[in-house]
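Below is one structure, written out as structure tokens, with a few remarks after it.
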Amino acid sequence: MGLKGFERRLERAIEGTFARAFKSGIRPVELGRRLVREMDDHRSVDVRGRTVVPNAFTIEMSPEDHDQFTEIADTMTRELAEAAREHARDEGYSFLGPVSVTLEPADRLHAGSFNIDARLKEGQGGAGAGSLILPTGERIPLGERTITIGRKPESTIVLGDPNASRAHAEIRPHGAGFLMVDMGSTNGSRVNGVRVSHQELSDGDELTFGNTRIRFEAS
């Protein structure tokens, strides 16, 4: 499922100008297929009984191919990371930290070949992986810092919502996961429609602050 979505999005991304400029012998979907295979081949079980898989991927390719990928590098690494997250959700895998994908040139590789180094990498401060997906589609990675949410201009996530309080809620690292804490807001904070003062977050939870809905993803 993740790979199909990745392939469709990449096909759209390299249409037009990208398609004319893109001459590499490596096709983006090949990278996606190898990346999820690396996840499957290097899965293990942690002390909590979770199936954990690599979350830090370095893709090496020839300098010639690396140059050809320059125009679409940001789009491709973003979509490869999303394909990894979708595959993890489909298979019930967990990550120890945020997913990252980088492209690097390697003189030892010839054009058309590539190598993927897949590693398990903990989040900063021991926090696990997690992201907040805003209504705009923007992804806010979570880590060891506390994320503040509200109408105050200095909030990490500033809400232009009159039904939200100035200091509405916080998302805090909590063990290997994250905790949503309401900061005494006027209209309260909800997780999956239920008003709570604090709640440990699970993958796919919908958080509501005033009339603003934000999705939490654990990968």
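Each chain of the structure tokens is named A, B, ... in the order shown, its residues numbered from 1; ligands are numbered from 1 in display order.
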
Spatial neighbours of Ile149 of chain A, 8 Å, only C-alpha atoms, chain gap at least 2 places, as a compact mmCIF listing (two decimals) with N, CA, C and O atoms, in the first residue's frame:
```
# COMPACT_ATOMS: atom_id res chain seq x y z
N ILE A 147 6.20 20.49 22.58
CA ILE A 147 5.49 21.26 21.56
C ILE A 147 4.34 22.00 22.23
O ILE A 147 3.49 21.38 22.88
N ARG A 151 -3.02 30.03 20.83
CA ARG A 151 -3.11 31.26 20.04
C ARG A 151 -1.94 32.20 20.29
O ARG A 151 -1.76 33.16 19.55
N SER A 155 3.85 30.23 20.47
CA SER A 155 3.57 28.79 20.49
C SER A 155 4.29 28.09 19.35
O SER A 155 4.51 28.68 18.28
N THR A 156 4.65 26.83 19.56
CA THR A 156 5.24 26.05 18.47
C THR A 156 4.25 25.93 17.32
O THR A 156 4.60 26.08 16.15
N ILE A 157 3.00 25.61 17.66
CA ILE A 157 1.91 25.56 16.68
C ILE A 157 0.92 26.66 17.05
O ILE A 157 0.24 26.57 18.07
N VAL A 158 0.89 27.70 16.24
CA VAL A 158 0.01 28.84 16.51
C VAL A 158 -1.34 28.59 15.87
O VAL A 158 -1.44 28.35 14.66
N LEU A 159 -2.40 28.64 16.67
CA LEU A 159 -3.76 28.40 16.18
C LEU A 159 -4.48 29.72 15.94
O LEU A 159 -4.58 30.55 16.84
N ALA A 167 -2.81 29.62 25.58
CA ALA A 167 -1.93 28.48 25.89
C ALA A 167 -2.85 27.28 26.06
O ALA A 167 -3.41 27.06 27.14
N HIS A 168 -3.07 26.54 25.01
CA HIS A 168 -4.13 25.53 25.01
C HIS A 168 -3.64 24.16 25.49
O HIS A 168 -4.23 23.56 26.38
N ALA A 169 -2.55 23.66 24.88
CA ALA A 169 -2.10 22.30 25.21
C ALA A 169 -0.62 22.16 24.90
O ALA A 169 -0.01 23.01 24.25
N GLU A 170 -0.05 21.06 25.39
CA GLU A 170 1.34 20.72 25.09
C GLU A 170 1.43 19.26 24.69
O GLU A 170 0.65 18.42 25.18
```

Excluding Arg195 of chain A and any residue of its chain fewer than 2 positions from it, enumerate the residues within 12 Å of it, using only C-alpha atoms, and give them as an mmCIF file with C-alpha atoms, in the first residue's frame.
```cif
data_model
loop_
_atom_site.group_PDB
_atom_site.id
_atom_site.type_symbol
_atom_site.label_atom_id
_atom_site.label_comp_id
_atom_site.auth_asym_id
_atom_site.auth_seq_id
_atom_site.Cartn_x
_atom_site.Cartn_y
_atom_site.Cartn_z
ATOM 1 C CA MET A 180 -0.882 15.354 25.279
ATOM 2 C CA VAL A 181 -1.508 17.679 28.246
ATOM 3 C CA ASP A 182 -4.298 20.278 28.366
ATOM 4 C CA GLY A 184 -6.379 24.508 31.530
ATOM 5 C CA SER A 185 -7.912 25.671 28.240
ATOM 6 C CA THR A 186 -11.393 27.163 28.237
ATOM 7 C CA ASN A 187 -12.936 24.706 25.780
ATOM 8 C CA GLY A 188 -10.767 21.721 26.628
ATOM 9 C CA SER A 189 -8.713 19.324 24.549
ATOM 10 C CA ARG A 190 -10.050 16.131 23.001
ATOM 11 C CA VAL A 191 -8.473 12.900 21.850
ATOM 12 C CA ASN A 192 -10.685 11.010 19.404
ATOM 13 C CA GLY A 193 -13.640 13.142 20.486
ATOM 14 C CA SER A 197 -6.780 16.558 30.760
ATOM 15 C CA HIS A 198 -3.870 14.385 29.634
ATOM 16 C CA GLN A 199 -3.540 11.376 27.373
ATOM 17 C CA GLU A 206 -7.155 12.725 16.351
ATOM 18 C CA LEU A 207 -6.485 15.691 18.641
ATOM 19 C CA THR A 208 -8.966 18.560 18.792
ATOM 20 C CA PHE A 209 -8.132 21.998 20.172
ATOM 21 C CA GLY A 210 -11.081 24.369 19.824
#
```

Quick one: residues within 6 Å of segment 48-57 of chain A, only C-alpha atoms, excluding same-chain residues fewer than 5 positions away - as a PyMOL selection string? chain A and resi 39+43+93-95+99-101+117-120

Selected residues, N, CA and C atoms, written as a PDB file, in the first residue's frame, please.
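The result, written out as part.pdb:
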```pdb
ATOM      1  N   MET A  39      13.655  -2.759   5.572  1.00  0.00           N
ATOM      2  CA  MET A  39      12.886  -2.755   6.816  1.00  0.00           C
ATOM      3  C   MET A  39      12.479  -4.175   7.191  1.00  0.00           C
ATOM      4  N   ARG A  43      14.138  -6.348  10.662  1.00  0.00           N
ATOM      5  CA  ARG A  43      13.228  -6.175  11.798  1.00  0.00           C
ATOM      6  C   ARG A  43      13.684  -7.034  12.974  1.00  0.00           C
ATOM      7  N   TYR A  93       4.838  -2.362  12.349  1.00  0.00           N
ATOM      8  CA  TYR A  93       6.200  -2.114  12.806  1.00  0.00           C
ATOM      9  C   TYR A  93       6.257  -0.838  13.656  1.00  0.00           C
ATOM     10  N   SER A  94       7.309  -0.739  14.471  1.00  0.00           N
ATOM     11  CA  SER A  94       7.564   0.469  15.258  1.00  0.00           C
ATOM     12  C   SER A  94       8.955   0.993  14.930  1.00  0.00           C
ATOM     13  N   PHE A  95       9.129   2.313  15.085  1.00  0.00           N
ATOM     14  CA  PHE A  95      10.421   2.961  14.921  1.00  0.00           C
ATOM     15  C   PHE A  95      10.920   3.435  16.273  1.00  0.00           C
ATOM     16  N   VAL A  99      11.818   9.013  11.091  1.00  0.00           N
ATOM     17  CA  VAL A  99      12.329   8.440   9.848  1.00  0.00           C
ATOM     18  C   VAL A  99      13.124   9.505   9.093  1.00  0.00           C
ATOM     19  N   SER A 100      14.320   9.130   8.648  1.00  0.00           N
ATOM     20  CA  SER A 100      15.131  10.047   7.845  1.00  0.00           C
ATOM     21  C   SER A 100      15.688   9.295   6.636  1.00  0.00           C
ATOM     22  N   VAL A 101      15.755  10.002   5.505  1.00  0.00           N
ATOM     23  CA  VAL A 101      16.317   9.440   4.277  1.00  0.00           C
ATOM     24  C   VAL A 101      17.267  10.472   3.689  1.00  0.00           C
ATOM     25  N   ASP A 117      21.991   1.854   3.241  1.00  0.00           N
ATOM     26  CA  ASP A 117      22.401   1.545   4.610  1.00  0.00           C
ATOM     27  C   ASP A 117      21.227   1.879   5.516  1.00  0.00           C
ATOM     28  N   ALA A 118      20.647   0.855   6.148  1.00  0.00           N
ATOM     29  CA  ALA A 118      19.457   1.024   6.985  1.00  0.00           C
ATOM     30  C   ALA A 118      19.827   0.774   8.444  1.00  0.00           C
ATOM     31  N   ARG A 119      19.531   1.741   9.307  1.00  0.00           N
ATOM     32  CA  ARG A 119      19.919   1.620  10.709  1.00  0.00           C
ATOM     33  C   ARG A 119      18.778   1.970  11.653  1.00  0.00           C
ATOM     34  N   LEU A 120      18.857   1.392  12.853  1.00  0.00           N
ATOM     35  CA  LEU A 120      17.966   1.769  13.947  1.00  0.00           C
ATOM     36  C   LEU A 120      18.586   2.973  14.644  1.00  0.00           C
TER      37      LEU A 120
END
```

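Nearest residue to Gly130 of chain A among A:His66, A:Arg172, A:Arg33, A:Arg27 is A:Arg172, counting only C-alpha atoms.
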
Which residue of A:Leu96, A:Met61, A:Ile214, A:Ala164 approaches Ser44 of chain A most closely, using only C-alpha atoms: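 For Ser44 of chain A, the nearest of the given residues is A:Leu96.
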
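What separates atom CA of Ser202 of chain A from atom CA of Ala218 of chain A is a distance of 6.6 Å.
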
Hey, what does DSSP flag as alpha helix (DSSP H) within segment 29-155 of chain A? Can you give it to me as an MDAnalysis selection string? chainID A and resid 29:41 63:68 73:91
